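Trainee: Just passing along the structure, written as structure tokens.
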2 protein chains.
Amino acid sequence: MPRKPSYDREDLIRRARDMFWKQGWAGTSLKNLESTLHLKPGSFYAAFGSKDALYQLALDQYAADSTATLAALEHSHGPLGALQALPRHVIENETAPARACMLAKTLLELSPHGHPLADHANGHLTRMEHRFADLFGKAQAKGQIDTSHDPRGLARRYQSDLLGLRISAERPNYDAAATALEIAQSLSQV
Amino acid sequence: MPRKPSYDREDLIRRARDMFWKQGWAGTSLKNLESTLHLKPGSFYAAFGSKDALYQLALDQYAADSTATLAALEHSHGPLGALQALPRHVIENETAPARACMLAKTLLELSPHGHPLADHANGHLTRMEHRFADLFGKAQAKGQIDTSHDPRGLARRYQSDLLGLRISAERPNYDAAATALEIAQSLSQV
């Protein structure tokens, strides 16, 4: 039998990712996954092995998509423009199943249990932080940001504010657009 | 039989709160609670009715403690000093079972399921936001902060940054003290 095309698998991981992202690890049962992916238990096991293995693939896909989004924003807006556009982009993305960051949600849910997926999520957060630092460094090289600041320090603060924004955006009646604008504006003042 | 003194009940709620705060709603079973509180199922039911009823009491106690902390900081440091001291206080509190805010964790875990406790947590977040706005208003009246800003807008941004800090502080190797200092310093520049 020919192997199924890989885009099928990517699509299955994407659907699982959206469910995990919205409902969390404990809030998503194997039964939920089998039903959403239209897979029988045997097929699920053959394709992904376990819920945790699929969750890890979902985290990797989430991180790859985030990196691609940032690269696309840099391509169209430049390094500083990308950092300024991202806050609004993440809270206005209508196709996302949640406003909050999936990596942060995973860390909060699973690190108290010492679950390896929490470390895996933190690894992706650290790589995103480095990516932000790269963009701050490029913006400095272009003379758009004062070079007296360490790009890694700017990235540390920026990422934290972004995580706060994304949680706040889950609150009904919270004016997340105003906070996103302020984060963007504060970048051209450093 | 005489009624048990109320401090016993407060202490039971505190122990449940710490477990919910650390492990989350799904990560805390009725069996976990009965074991931690040394209560038999019948006694648990008589004292609290249900896990959700106890979770709500735990949220209320968490919010009351947060309000008391802020009032104590205001008493010793004044309104601006309290807002500047809080970021460091929340990440350095050694007795807390988690760095992340219990209200934010509750919102993230339970709002996707439309659980009423998510609304309850958001109500407390909104009251905290108003409390922050009061302090910003008092700091303005003292001439410590520019009066051209709306205290409610300052509170909206401050609370979001604080939630981000508290999540970031859950990450191993994240320099939360540096971010807490920057949040505090930025307040005297507005």
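Letters for chains follow the order of the structure tokens (A, B, ...), residue numbers begin at 1 for each chain, and ligand numbers begin at 1 in the order shown.
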Using only C-alpha atoms, what table do you get, as JSON lines, when you list each residue of chain B with an atom no more than 6 Å from chain A, its nearest pair of atoms, and their distance in Å rounded to one decimal, rows by chain then rising number?
Mentor:
{"residue": "B:Arg157", "atom": "CA", "partner": "A:Thr179", "partner_atom": "CA", "distance": 5.8}
{"residue": "B:Ser160", "atom": "CA", "partner": "A:Gly164", "partner_atom": "CA", "distance": 4.8}
{"residue": "B:Asp161", "atom": "CA", "partner": "A:Asp161", "partner_atom": "CA", "distance": 5.0}
{"residue": "B:Leu163", "atom": "CA", "partner": "A:Gly164", "partner_atom": "CA", "distance": 5.0}
{"residue": "B:Gly164", "atom": "CA", "partner": "A:Gly164", "partner_atom": "CA", "distance": 3.5}
{"residue": "B:Leu165", "atom": "CA", "partner": "A:Ser160", "partner_atom": "CA", "distance": 5.6}
{"residue": "B:Ser168", "atom": "CA", "partner": "A:Ser160", "partner_atom": "CA", "distance": 5.9}
{"residue": "B:Thr179", "atom": "CA", "partner": "A:Arg157", "partner_atom": "CA", "distance": 5.8}
Trainee: Show which residues sit within 10 Å of His149 (chain A), as a ChimeraX atom specification. Count only C-alpha atoms, and ignore same-chain residues fewer than 2 positions away.
Mentor: /A:136-137,140,145-147,151-154,190
Trainee: Could you tell me how far CA of Ser66 (chain B) lies from CA of Ile91 (chain A), in Å and to one decimal?
Mentor: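 Computed distance, CA of Ser66 (chain B) to CA of Ile91 (chain A), equals 27.7 Å.
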Trainee: With only C-alpha atoms as the basis for distance, which of B:Lys138, B:Arg9, B:Arg127, B:Arg17 is at the shortest distance from Tyr62 (chain B)?
Mentor: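 Closest to Tyr62 (chain B), using only C-alpha atoms: B:Arg17.
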Trainee: Considering only C-alpha atoms, return as a ChimeraX atom specification whatever protein or nucleic-acid residues lie within 10 Å of Gly81 (chain B), sequence-local ones (same chain, fewer than 5 positions apart) excluded.
Mentor: /B:73-76,86,135,139,144,184,187-188
Trainee: Which residues come within 8 Å of region 30-45 of chain B, counting only C-alpha atoms, excluding same-chain residues fewer than 2 positions away, as an MDAnalysis selection string?
Mentor: chainID B and resid 12 15:16 28 47:51
Trainee: Could those selected residues go to a file with C-alpha atoms, as a compact mmCIF listing (two decimals), in the first residue's frame?
Mentor:
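Dumped everything to again-v4.txt:
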# COMPACT_ATOMS: atom_id res chain seq x y z
CA LEU B 12 -8.49 24.04 54.92
CA ARG B 15 -4.42 24.24 51.67
CA ALA B 16 -6.91 23.52 48.90
CA THR B 28 -6.61 18.24 41.39
CA ALA B 47 -17.94 21.22 54.73
CA PHE B 48 -17.72 22.37 51.11
CA GLY B 49 -20.39 20.66 49.02
CA SER B 50 -18.26 20.09 45.89
CA LYS B 51 -14.84 20.56 44.33
Trainee: What separation in Å, quoted to one decimal, exists between CA of Gln84 (chain B) and CA of Ala177 (chain B)?
Mentor: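 CA of Ala177 (chain B) lies 12.5 Å from CA of Gln84 (chain B).
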Trainee: Would you mind reading off the distance between CA of Ala133 (chain B) and CA of Gln185 (chain B), one decimal, in Å?
Mentor: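 The value is 17.6 Å.
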